[in-house]
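Text of run.csv, listed as CSV, C-alpha atoms:
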chain,number,residue,atom,x,y,z
Y,118,MET,CA,-9.1,-28.0,41.6
Y,119,GLU,CA,-7.4,-27.5,38.3
Y,120,PRO,CA,-5.7,-24.1,37.6
Y,121,PRO,CA,-7.7,-21.9,35.3
Y,122,LEU,CA,-6.8,-21.6,31.6
Y,123,LYS,CA,-5.2,-18.1,31.1
Y,124,PHE,CA,-4.4,-16.0,28.1
Y,125,ARG,CA,-0.7,-16.6,28.6
Y,126,HIS,CA,-1.3,-20.4,28.1
Y,127,LEU,CA,-2.9,-19.7,24.7
Y,128,ARG,CA,-0.4,-17.0,23.6
Y,129,THR,CA,2.6,-19.2,24.6
Y,130,PHE,CA,1.2,-22.2,22.8
Y,131,MET,CA,0.5,-20.2,19.7
Y,132,GLU,CA,4.0,-18.8,19.6
Y,133,VAL,CA,5.7,-22.2,20.1
Y,134,ALA,CA,3.5,-23.6,17.4
Y,135,ARG,CA,4.3,-20.8,15.0
Y,136,LEU,CA,8.1,-20.8,15.6
Y,137,LYS,CA,8.5,-24.6,16.1
Y,138,SER,CA,10.9,-23.8,18.9
Y,139,VAL,CA,10.7,-23.1,22.7
Y,140,ILE,CA,13.9,-21.0,22.6
Y,141,ARG,CA,12.6,-18.8,19.8
Y,142,ALA,CA,9.2,-18.5,21.4
Y,143,ALA,CA,10.8,-17.4,24.7
Y,144,GLU,CA,12.7,-14.7,22.8
Y,145,SER,CA,9.6,-13.5,21.0
Y,146,LEU,CA,7.6,-13.4,24.2
Y,147,HIS,CA,10.4,-11.8,26.2
Y,148,VAL,CA,10.3,-14.5,28.9
Y,149,SER,CA,12.7,-17.3,30.0
Y,150,GLN,CA,12.8,-20.7,28.3
Y,151,PRO,CA,11.9,-22.5,31.5
Y,152,ALA,CA,8.8,-20.2,31.8
Y,153,VAL,CA,7.7,-21.2,28.3
Y,154,THR,CA,8.3,-24.9,29.1
Y,155,LYS,CA,6.3,-24.6,32.4
Y,156,THR,CA,3.4,-22.8,30.7
Y,157,ILE,CA,3.1,-25.5,28.0
Y,158,ARG,CA,3.3,-28.3,30.6
Y,159,GLU,CA,0.5,-26.6,32.6
Y,160,LEU,CA,-1.6,-26.4,29.5
Y,161,GLU,CA,-1.1,-30.1,28.6
Y,162,GLU,CA,-1.9,-31.1,32.2
Y,163,MET,CA,-5.2,-29.0,32.0
Y,164,LEU,CA,-6.1,-30.7,28.7
Y,165,ASP,CA,-4.7,-34.1,29.7
Y,166,ALA,CA,-3.2,-34.4,26.3
Y,167,ARG,CA,0.2,-34.0,24.5
Y,168,LEU,CA,0.1,-30.9,22.2
Y,169,LEU,CA,3.8,-30.9,21.1
Y,170,GLU,CA,6.5,-33.4,20.5
Y,171,ARG,CA,10.1,-33.2,19.4
Y,172,GLU,CA,11.1,-33.6,15.8
Y,173,GLY,CA,14.9,-33.5,15.2
Y,174,ARG,CA,16.1,-30.3,16.7
Y,175,GLY,CA,12.7,-28.7,16.4
Y,176,ILE,CA,9.1,-29.2,17.7
Y,177,ARG,CA,6.0,-30.2,15.8
Y,178,LEU,CA,2.3,-30.3,16.8
Y,179,THR,CA,0.6,-33.6,17.6
Y,180,ARG,CA,-2.8,-34.3,16.0
Y,181,THR,CA,-4.4,-33.0,19.2
Y,182,GLY,CA,-2.1,-30.0,19.1
Y,183,GLU,CA,-3.3,-29.2,15.5
Y,184,VAL,CA,-6.9,-29.3,16.6
Y,185,PHE,CA,-6.3,-27.2,19.7
Y,186,LEU,CA,-4.3,-24.7,17.5
Y,187,ARG,CA,-7.4,-23.9,15.4
Y,188,HIS,CA,-9.5,-23.3,18.5
Y,189,ALA,CA,-6.8,-21.3,20.3
Y,190,GLY,CA,-6.4,-19.0,17.3
Y,191,ALA,CA,-10.2,-18.4,17.1
Y,192,THR,CA,-10.2,-17.7,20.9
Y,193,ILE,CA,-7.4,-15.1,20.7
Y,194,THR,CA,-9.0,-13.5,17.7
Y,195,ALA,CA,-12.3,-13.2,19.6
Y,196,LEU,CA,-10.6,-11.6,22.6
Y,197,ARG,CA,-8.8,-9.1,20.3
Y,198,GLN,CA,-12.1,-8.2,18.6
Y,199,ALA,CA,-13.8,-7.8,22.0
Y,200,MET,CA,-11.0,-5.5,23.2
Y,201,ASP,CA,-11.2,-3.5,20.0
Y,202,SER,CA,-14.9,-3.2,20.3
Y,203,VAL,CA,-14.7,-1.8,23.9
Y,204,SER,CA,-11.9,0.6,22.9
Y,205,ARG,CA,-14.0,1.8,19.9
Y,206,GLU,CA,-17.1,2.2,22.2
Y,207,VAL,CA,-15.1,4.3,24.7
Y,208,ALA,CA,-13.5,6.4,21.9
Y,209,ASN,CA,-16.7,6.5,19.8
Y,210,ALA,CA,-14.5,5.6,16.8
Y,211,ALA,CA,-14.9,3.5,13.7
Y,212,PRO,CA,-13.3,0.0,13.7
Y,213,PRO,CA,-9.6,0.0,12.8
Y,214,LEU,CA,-8.6,-1.9,9.6
Y,215,ARG,CA,-5.4,-3.9,9.7
Y,216,ILE,CA,-4.3,-5.0,6.2
Y,217,GLY,CA,-1.4,-7.2,5.2
Y,218,ALA,CA,-0.1,-6.9,1.6
Y,219,LEU,CA,2.7,-8.4,-0.5
Y,220,PRO,CA,5.2,-5.8,-1.8
Y,221,THR,CA,3.8,-6.2,-5.3
Y,222,VAL,CA,0.2,-5.5,-4.0
Y,223,SER,CA,1.4,-2.5,-1.9
Y,224,ALA,CA,2.9,-1.0,-5.0
Y,225,ARG,CA,0.4,-1.8,-7.7
Y,226,ILE,CA,-3.0,-2.2,-6.0
Y,227,MET,CA,-3.2,-0.5,-2.6
Y,228,PRO,CA,-2.6,3.1,-3.6
Y,229,GLN,CA,-5.6,3.3,-5.9
Y,230,ALA,CA,-7.7,1.2,-3.5
Y,231,MET,CA,-6.9,3.5,-0.7
Y,232,LEU,CA,-7.8,6.6,-2.7
Y,233,SER,CA,-11.2,5.0,-3.5
Y,234,PHE,CA,-11.7,3.9,0.1
Y,235,LEU,CA,-10.8,7.3,1.7
Y,236,ALA,CA,-13.6,8.8,-0.5
Y,237,GLU,CA,-16.1,6.8,1.5
Y,238,GLU,CA,-15.2,8.8,4.6
Y,239,THR,CA,-15.7,5.9,7.1
Y,240,GLY,CA,-13.3,7.5,9.7
Y,241,SER,CA,-11.6,4.2,10.2
Y,242,ILE,CA,-7.9,4.0,11.3
Y,243,ILE,CA,-6.0,2.1,8.7
Y,244,LYS,CA,-2.8,0.1,9.2
Y,245,ILE,CA,-1.1,-1.5,6.2
Y,246,VAL,CA,1.7,-4.0,6.7
Y,247,THR,CA,3.9,-5.2,3.9
Y,248,GLY,CA,5.9,-8.4,4.2
Y,249,ASP,CA,6.4,-12.0,3.2
Y,250,ASN,CA,3.2,-14.0,2.5
Y,251,ALA,CA,3.9,-16.6,5.2
Y,252,VAL,CA,4.5,-14.0,7.9
Y,253,LEU,CA,1.3,-12.1,7.0
Y,254,LEU,CA,-0.8,-15.3,7.1
Y,255,GLU,CA,0.5,-16.0,10.6
Y,256,GLN,CA,-0.4,-12.5,11.7
Y,257,LEU,CA,-3.8,-13.0,10.2
Y,258,ARG,CA,-4.2,-16.3,12.1
Y,259,LEU,CA,-3.3,-14.6,15.4
Y,260,GLY,CA,-5.8,-11.9,14.8
Y,261,GLU,CA,-3.2,-9.2,14.3
Y,262,LEU,CA,-4.5,-8.5,10.8
Y,263,ASP,CA,-8.0,-8.5,9.4
Y,264,LEU,CA,-7.2,-9.2,5.8
Y,265,VAL,CA,-4.2,-10.3,3.7
Y,266,VAL,CA,-3.9,-9.4,0.0
Y,267,GLY,CA,-1.4,-11.9,-1.3
Y,268,ARG,CA,-0.7,-15.2,-3.0
Y,269,LEU,CA,-2.7,-18.3,-2.4
Y,270,ALA,CA,-0.7,-20.5,0.0
Y,271,ALA,CA,-0.4,-24.3,0.0
Y,272,PRO,CA,-3.5,-26.2,1.2
Y,273,GLU,CA,-2.0,-27.0,4.6
Y,274,LYS,CA,-1.3,-23.3,5.2
Y,275,MET,CA,-4.9,-22.3,4.3
Y,276,LYS,CA,-6.7,-24.2,7.0
Y,277,GLY,CA,-9.1,-21.9,8.8
Y,278,PHE,CA,-8.9,-19.3,6.0
Y,279,SER,CA,-11.1,-18.3,3.0
Y,280,PHE,CA,-9.6,-17.1,-0.3
Y,281,GLU,CA,-11.0,-14.9,-3.0
Y,282,HIS,CA,-9.1,-14.8,-6.3
Y,283,LEU,CA,-8.4,-11.4,-7.8
Y,284,TYR,CA,-5.8,-12.0,-10.5
Y,285,SER,CA,-2.8,-14.2,-11.4
Y,286,GLU,CA,0.8,-13.2,-11.4
Y,287,HIS,CA,3.9,-14.9,-12.7
Y,288,VAL,CA,7.6,-14.8,-11.8
Y,289,VAL,CA,10.2,-12.9,-13.9
Y,290,PHE,CA,14.0,-12.7,-14.2
Y,291,ALA,CA,14.7,-9.0,-14.0
Y,292,VAL,CA,18.0,-7.3,-14.8
Y,293,ARG,CA,19.3,-3.8,-15.5
Y,294,ALA,CA,18.5,-2.4,-18.9
Y,295,SER,CA,21.9,-2.9,-20.4
Y,296,HIS,CA,22.6,-6.4,-19.0
Y,297,PRO,CA,24.8,-8.8,-21.0
Y,298,LEU,CA,22.1,-11.5,-21.0
Y,299,LEU,CA,19.9,-9.2,-23.1
Y,300,ALA,CA,22.3,-9.4,-26.0
Y,301,ALA,CA,21.1,-11.1,-29.1
Y,302,GLY,CA,21.8,-14.8,-29.4
Y,303,VAL,CA,22.7,-15.3,-25.7
Y,304,ASP,CA,21.5,-18.6,-24.1
Y,305,VAL,CA,20.1,-17.1,-20.9
Y,306,LEU,CA,19.7,-20.2,-18.9
Y,307,ASP,CA,23.1,-21.6,-20.0
Y,308,ARG,CA,24.9,-18.4,-18.7
Y,309,LEU,CA,22.7,-17.7,-15.7
Y,310,GLY,CA,25.3,-19.1,-13.3
Y,311,ASP,CA,27.8,-16.5,-14.5
Y,312,PHE,CA,26.0,-13.8,-12.5
Y,313,PRO,CA,24.8,-13.2,-8.9
Y,314,VAL,CA,21.2,-14.2,-8.5
Y,315,LEU,CA,18.8,-12.7,-6.1
Y,316,MET,CA,16.5,-15.5,-5.0
Y,317,PRO,CA,13.3,-15.4,-2.9
Y,318,THR,CA,13.8,-16.5,0.6
Y,319,ARG,CA,13.3,-20.2,1.5
Y,320,HIS,CA,10.1,-19.6,3.3
Y,321,SER,CA,8.6,-17.3,0.7
Y,322,ILE,CA,5.6,-18.6,-1.2
Y,323,ILE,CA,7.2,-18.3,-4.7
Y,324,ARG,CA,10.5,-20.1,-3.7
Y,325,PRO,CA,9.2,-23.6,-4.6
Y,326,VAL,CA,7.9,-22.3,-7.9
Y,327,VAL,CA,11.3,-20.8,-8.7
Y,328,GLU,CA,13.1,-24.0,-7.7
Y,329,GLN,CA,10.8,-26.1,-9.9
Y,330,PHE,CA,11.5,-23.8,-12.8
Y,331,LEU,CA,15.2,-24.0,-12.4
Y,332,ILE,CA,15.3,-27.8,-12.0
Y,333,ALA,CA,13.0,-28.3,-15.0
Y,334,HIS,CA,15.6,-26.4,-17.1
Y,335,GLY,CA,18.5,-28.4,-15.8
Y,336,ILE,CA,19.8,-25.8,-13.3
Y,337,ALA,CA,20.5,-27.7,-10.0
Y,338,ALA,CA,22.5,-25.0,-8.3
Y,339,LEU,CA,23.6,-21.4,-8.8
Y,340,PRO,CA,27.2,-20.5,-7.7
Y,341,VAL,CA,26.3,-17.1,-6.2
Y,342,GLN,CA,22.8,-16.7,-4.6
Y,343,ILE,CA,21.5,-13.9,-2.3
Y,344,GLU,CA,18.2,-14.6,-0.6
Y,345,THR,CA,16.0,-11.5,-0.1
Y,346,VAL,CA,12.4,-10.3,-0.1
Y,347,SER,CA,13.5,-6.6,0.0
Y,348,ASP,CA,12.4,-4.8,-3.2
Y,349,SER,CA,14.4,-1.7,-2.3
Y,350,PHE,CA,17.6,-3.8,-2.0
Y,351,GLY,CA,16.8,-5.6,-5.3
Y,352,ARG,CA,16.4,-2.4,-7.2
Y,353,ALA,CA,19.5,-0.8,-5.8
Y,354,PHE,CA,21.6,-3.9,-6.3
Y,355,LEU,CA,20.5,-4.4,-9.9
Y,356,ARG,CA,21.4,-0.8,-10.8
Y,357,ARG,CA,24.9,-1.3,-9.5
Y,358,SER,CA,25.6,-4.8,-10.8
Y,359,ASP,CA,25.0,-7.5,-13.4
Y,360,ALA,CA,22.9,-9.5,-10.9
Y,361,VAL,CA,19.7,-11.3,-11.9
Y,362,TRP,CA,16.6,-10.8,-9.7
Y,363,ILE,CA,14.0,-13.5,-9.6
Y,364,ILE,CA,10.8,-11.9,-8.4
Y,365,SER,CA,7.1,-11.6,-8.9
Y,366,GLU,CA,6.3,-9.5,-11.9
Y,367,GLY,CA,4.2,-6.9,-10.0
Y,368,VAL,CA,7.2,-5.9,-7.9
Y,369,VAL,CA,9.1,-4.6,-10.9
Y,370,ALA,CA,6.2,-3.6,-13.2
Y,371,GLY,CA,6.9,0.1,-12.7
Y,372,ASP,CA,10.7,-0.4,-13.3
Y,373,ILE,CA,10.0,-2.3,-16.5
Y,374,ALA,CA,7.6,0.4,-17.7
Y,375,ASP,CA,10.1,3.2,-17.2
Y,376,ASN,CA,12.9,1.1,-18.8
Y,377,SER,CA,15.1,1.2,-15.7
Y,378,LEU,CA,14.9,-2.6,-15.5
Y,379,ALA,CA,14.3,-5.3,-18.2
Y,380,VAL,CA,12.9,-8.8,-18.1
Y,381,LEU,CA,15.0,-11.7,-19.6
Y,382,PRO,CA,13.3,-13.4,-22.5
Y,383,LEU,CA,12.1,-16.6,-20.8
Y,384,ASP,CA,8.8,-18.5,-20.9
Y,385,MET,CA,7.5,-18.1,-17.4
Y,386,THR,CA,3.9,-19.0,-17.9
Y,387,GLY,CA,4.3,-22.1,-15.7
Y,388,THR,CA,5.1,-19.9,-12.7
Y,389,SER,CA,1.8,-18.1,-12.6
Y,390,GLY,CA,0.0,-18.1,-9.2
Y,391,PRO,CA,-3.3,-16.6,-7.9
Y,392,VAL,CA,-3.3,-13.4,-5.9
Y,393,GLY,CA,-6.3,-12.6,-3.8
Y,394,LEU,CA,-8.0,-11.7,-0.5
Y,395,THR,CA,-7.4,-14.0,2.4
Y,396,MET,CA,-9.5,-13.8,5.6
Y,397,ARG,CA,-10.2,-16.0,8.7
Y,398,ALA,CA,-13.0,-18.3,7.7
Y,399,GLU,CA,-15.1,-17.5,10.8
Y,400,SER,CA,-14.7,-13.7,10.7
Y,401,LEU,CA,-17.5,-11.3,9.7
Y,402,PRO,CA,-16.1,-8.2,8.0
Y,403,SER,CA,-17.2,-4.8,9.3
Y,404,LEU,CA,-18.8,-2.4,6.9
Y,405,PRO,CA,-15.6,-0.4,6.5
Y,406,LEU,CA,-13.6,-3.6,5.7
Y,407,MET,CA,-16.2,-4.6,3.2
Y,408,LEU,CA,-15.9,-1.2,1.5
Y,409,LEU,CA,-12.1,-1.5,1.4
Y,410,MET,CA,-12.3,-5.0,0.0
Y,411,GLN,CA,-14.5,-3.7,-2.8
Y,412,ALA,CA,-12.0,-0.9,-3.5
Y,413,ILE,CA,-9.2,-3.5,-3.7
Y,414,ARG,CA,-11.3,-5.6,-6.1
Y,415,THR,CA,-11.9,-2.6,-8.3
Y,416,ALA,CA,-8.3,-1.5,-8.3
Y,417,ALA,CA,-7.1,-5.1,-9.1
Y,418,GLN,CA,-9.6,-5.3,-12.0
Y,419,GLY,CA,-8.3,-2.0,-13.3
Y,420,LYS,CA,-4.7,-3.2,-13.3
Y,421,ALA,CA,-5.7,-6.5,-15.0
Y,422,GLU,CA,-7.6,-4.7,-17.8
Y,423,ALA,CA,-4.7,-2.3,-18.3
Y,424,ALA,CA,-2.3,-5.3,-18.6
Y,425,GLY,CA,-4.7,-6.9,-21.1
Y,426,ILE,CA,-5.3,-9.9,-18.8
Please express what this file holds, its structure, as structure tokens.
Amino acid sequence: MEPPLKFRHLRTFMEVARLKSVIRAAESLHVSQPAVTKTIRELEEMLDARLLEREGRGIRLTRTGEVFLRHAGATITALRQAMDSVSREVANAAPPLRIGALPTVSARIMPQAMLSFLAEETGSIIKIVTGDNAVLLEQLRLGELDLVVGRLAAPEKMKGFSFEHLYSEHVVFAVRASHPLLAAGVDVLDRLGDFPVLMPTRHSIIRPVVEQFLIAHGIAALPVQIETVSDSFGRAFLRRSDAVWIISEGVVAGDIADNSLAVLPLDMTGTSGPVGLTMRAESLPSLPLMLLMQAIRTAAQGKAEAAGI
């Protein structure tokens, strides 16, 4: 008789698939590396199929593994929803809302959206997580979030998700208000390498857009780069240095408006990307979540109209 499929099999497989590493999955799950290897082997024996294979120093999914990943994610999501439903029934409470938002969305859209939503008096417990787009999508896939308000990811990253466009946002090169590159007659791109540059991290969704822009303008490398997705560090560092911060416009919109930061005069129209609502394709939003989504749409529309978009 074959051993029964258990939650730990699915959770371990999902974590190895997410991190592309048995060692890192073991650290994330707080178990030993042999335990992770044993669990994956048990799962493959139950399915009579290879789910993972080595690729260089890492691990990648086989075709069978990719198929199983979609079903495993849906199963874990269903279990989480079932547990939430029982907890709500016991507590006689409204369903919790778990929202992931990019820093730019958290700063520009979510405050007004939350004010509108709270006026509905649904009684829902709300959790808002701010972070990198890729991380938020993984949390959405695992059922840890119900909705992500962020940039549209690459097609291969959007499998199993639905996306609703809200507005488009481009990348800017931000500096302190009295930066030398703002002086008249300065060739910004020619002198960019003279200053430290804050770059989006390698796994951030706007990193390829930034790299394409730099390459298209003949900038193959920058001498001093600092990779960060921290808006608090970016603001603090720019106010104390001549660094250039390459970031989505929404993150620094308030700083530009109060003249504490400025944008370098570059044509960034080619870096525009859609921002919107991402959900799991199979999920059915609760009434409170539908009300919050509408509040986000209204707030995003208001920002777009104010910006003349």
Original post:
Could you work out how far atom CA of Y:Ile413 lies from atom CA of Y:Ala230, giving the answer in Å with one decimal?
Top reply: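 Between these atoms lies a distance of 4.9 Å.
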In Å and to one decimal, atom CA of Y:Ala236 is distant from atom CA of Y:Ala416 by 14.0 Å
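Between Y:Phe280 and the residues Y:Gly419, Y:Pro405, Y:Gly393, Y:Gly367, the shortest atom-to-atom distance, using all atoms listed in the file, involves Y:Gly393.
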| task | Go through Y:Ser295, Y:Thr221, Y:Thr395, Y:Ser377 one by one, measure the shortest atom-to-atom distance of each to Y:Gly248 using only C-alpha atoms, and give the residue with the smallest value. | result |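 Nearest to Y:Gly248: Y:Thr221.
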Contact check, stretch 119-155 of chain Y to stretch 256-264 of chain Y, at most 12 Å, counting only C-alpha atoms, closest pairs as CSV:
residue,atom,partner,partner_atom,distance
Y:Leu127,CA,Y:Leu259,CA,10.6
Y:Arg128,CA,Y:Leu259,CA,9.0
Y:Thr129,CA,Y:Leu259,CA,11.9
Y:Phe130,CA,Y:Leu259,CA,11.5
Y:Met131,CA,Y:Leu259,CA,8.0
Y:Glu132,CA,Y:Leu259,CA,9.4
Y:Ala134,CA,Y:Leu259,CA,11.5
Y:Arg135,CA,Y:Leu259,CA,9.8
Atom pair atom CA of Y:Leu315 + atom CA of Y:Arg268, distance 19.9 Å
Show which residues sit within 12 Å of Y:Asp165, as an NGL selection string. Count all atoms listed in the file, and ignore same-chain residues fewer than 6 positions away.
:Y and (119 or 157-159 or 181-182)
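Compared by their closest atoms to Y:Pro340, and using all atoms listed in the file, the residues Y:Leu309, Y:Val292, Y:Leu298, Y:Ile323 rank with Y:Leu309 nearest.
With distances restricted to only C-alpha atoms, Y:Arg141 is the closest residue to Y:Ile176 from Y:Arg141, Y:Arg197, Y:Arg225, Y:His188.
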I'd like the neighbourhood of Y:Ala333 as a short mmCIF file (atom, residue, chain, number, x, y, z; two decimals) with C-alpha atoms, keeping the file's coordinate frame, where a residue qualifies if any of its atoms comes within 12 Å (using all atoms listed in the file), though same-chain residues fewer than 6 positions away should be ignored.
data_model
loop_
_atom_site.label_atom_id
_atom_site.label_comp_id
_atom_site.auth_asym_id
_atom_site.auth_seq_id
_atom_site.Cartn_x
_atom_site.Cartn_y
_atom_site.Cartn_z
CA LEU Y 306 19.70 -20.20 -18.90
CA VAL Y 326 7.90 -22.30 -7.90
CA VAL Y 327 11.30 -20.80 -8.70
CA MET Y 385 7.50 -18.10 -17.40
CA GLY Y 387 4.30 -22.10 -15.70
CA THR Y 388 5.10 -19.90 -12.70
#
Exercise. Counting all atoms listed in the file, figure out which residue out of Y:His287, Y:His320, Y:Arg180, Y:Arg356 gets nearest to Y:Leu383.
Key: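 Answer, going by the shortest atom-to-atom distance: Y:His287.
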Legend entry - Y:Val341, Y:Val346, Y:Met231, Y:Leu254 ranked by distance to Y:Ser365, top pick (using only C-alpha atoms):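 Of Y:Val341, Y:Val346, Y:Met231, Y:Leu254, the one nearest Y:Ser365 is Y:Val346, counting only C-alpha atoms.
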Item to complete: Counting all atoms listed in the file, write as a PyMOL selection string all protein and nucleic acid residues lying at most 12 Å from (15.6, -20.9, -2.5) in the file's frame.
Response: chain Y and resi 314-332+337-339+341-346+363-364
Can you tell me, as a list in words, which residues sit within 10 Å of (-10.1, -20.8, 1.3) in the file's frame, using all atoms listed in the file? Leu269, Ala270, Pro272, Lys274, Met275, Lys276, Gly277, Phe278, Ser279, Phe280, Glu281, His282, Leu394, Thr395, Met396, Arg397 and Ala398 of chain Y
Kindly reconstruct stretch 151-162 of chain Y with N, CA, C and O atoms and present the result as a PDB file, in the coordinates of the input.
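In the end it all went to result.pdb:
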ATOM      1  N   PRO Y 151      12.597 -21.644  30.561  1.00  0.00           N
ATOM      2  CA  PRO Y 151      11.900 -22.500  31.500  1.00  0.00           C
ATOM      3  C   PRO Y 151      10.418 -22.007  31.740  1.00  0.00           C
ATOM      4  O   PRO Y 151       9.540 -22.828  31.977  1.00  0.00           O
ATOM      5  N   ALA Y 152      10.192 -20.685  31.635  1.00  0.00           N
ATOM      6  CA  ALA Y 152       8.800 -20.200  31.800  1.00  0.00           C
ATOM      7  C   ALA Y 152       7.920 -20.682  30.683  1.00  0.00           C
ATOM      8  O   ALA Y 152       6.752 -21.051  30.912  1.00  0.00           O
ATOM      9  N   VAL Y 153       8.438 -20.706  29.451  1.00  0.00           N
ATOM     10  CA  VAL Y 153       7.700 -21.200  28.300  1.00  0.00           C
ATOM     11  C   VAL Y 153       7.388 -22.710  28.512  1.00  0.00           C
ATOM     12  O   VAL Y 153       6.255 -23.176  28.321  1.00  0.00           O
ATOM     13  N   THR Y 154       8.412 -23.467  28.883  1.00  0.00           N
ATOM     14  CA  THR Y 154       8.300 -24.900  29.100  1.00  0.00           C
ATOM     15  C   THR Y 154       7.218 -25.187  30.181  1.00  0.00           C
ATOM     16  O   THR Y 154       6.361 -26.067  30.044  1.00  0.00           O
ATOM     17  N   LYS Y 155       7.276 -24.426  31.279  1.00  0.00           N
ATOM     18  CA  LYS Y 155       6.300 -24.600  32.400  1.00  0.00           C
ATOM     19  C   LYS Y 155       4.906 -24.282  31.944  1.00  0.00           C
ATOM     20  O   LYS Y 155       3.959 -25.007  32.290  1.00  0.00           O
ATOM     21  N   THR Y 156       4.745 -23.224  31.157  1.00  0.00           N
ATOM     22  CA  THR Y 156       3.400 -22.800  30.700  1.00  0.00           C
ATOM     23  C   THR Y 156       2.810 -23.916  29.788  1.00  0.00           C
ATOM     24  O   THR Y 156       1.623 -24.251  29.895  1.00  0.00           O
ATOM     25  N   ILE Y 157       3.621 -24.454  28.875  1.00  0.00           N
ATOM     26  CA  ILE Y 157       3.100 -25.500  28.000  1.00  0.00           C
ATOM     27  C   ILE Y 157       2.791 -26.763  28.790  1.00  0.00           C
ATOM     28  O   ILE Y 157       1.766 -27.422  28.522  1.00  0.00           O
ATOM     29  N   ARG Y 158       3.605 -27.096  29.787  1.00  0.00           N
ATOM     30  CA  ARG Y 158       3.300 -28.300  30.600  1.00  0.00           C
ATOM     31  C   ARG Y 158       2.006 -28.085  31.370  1.00  0.00           C
ATOM     32  O   ARG Y 158       1.199 -29.020  31.473  1.00  0.00           O
ATOM     33  N   GLU Y 159       1.778 -26.868  31.889  1.00  0.00           N
ATOM     34  CA  GLU Y 159       0.500 -26.600  32.600  1.00  0.00           C
ATOM     35  C   GLU Y 159      -0.678 -26.789  31.655  1.00  0.00           C
ATOM     36  O   GLU Y 159      -1.703 -27.372  32.034  1.00  0.00           O
ATOM     37  N   LEU Y 160      -0.531 -26.283  30.422  1.00  0.00           N
ATOM     38  CA  LEU Y 160      -1.600 -26.400  29.500  1.00  0.00           C
ATOM     39  C   LEU Y 160      -1.907 -27.846  29.124  1.00  0.00           C
ATOM     40  O   LEU Y 160      -3.074 -28.259  29.058  1.00  0.00           O
ATOM     41  N   GLU Y 161      -0.870 -28.633  28.910  1.00  0.00           N
ATOM     42  CA  GLU Y 161      -1.100 -30.100  28.600  1.00  0.00           C
ATOM     43  C   GLU Y 161      -1.687 -30.801  29.757  1.00  0.00           C
ATOM     44  O   GLU Y 161      -2.504 -31.709  29.555  1.00  0.00           O
ATOM     45  N   GLU Y 162      -1.333 -30.422  30.991  1.00  0.00           N
ATOM     46  CA  GLU Y 162      -1.900 -31.100  32.200  1.00  0.00           C
ATOM     47  C   GLU Y 162      -3.412 -30.710  32.286  1.00  0.00           C
ATOM     48  O   GLU Y 162      -4.248 -31.549  32.625  1.00  0.00           O
TER      49      GLU Y 162
END
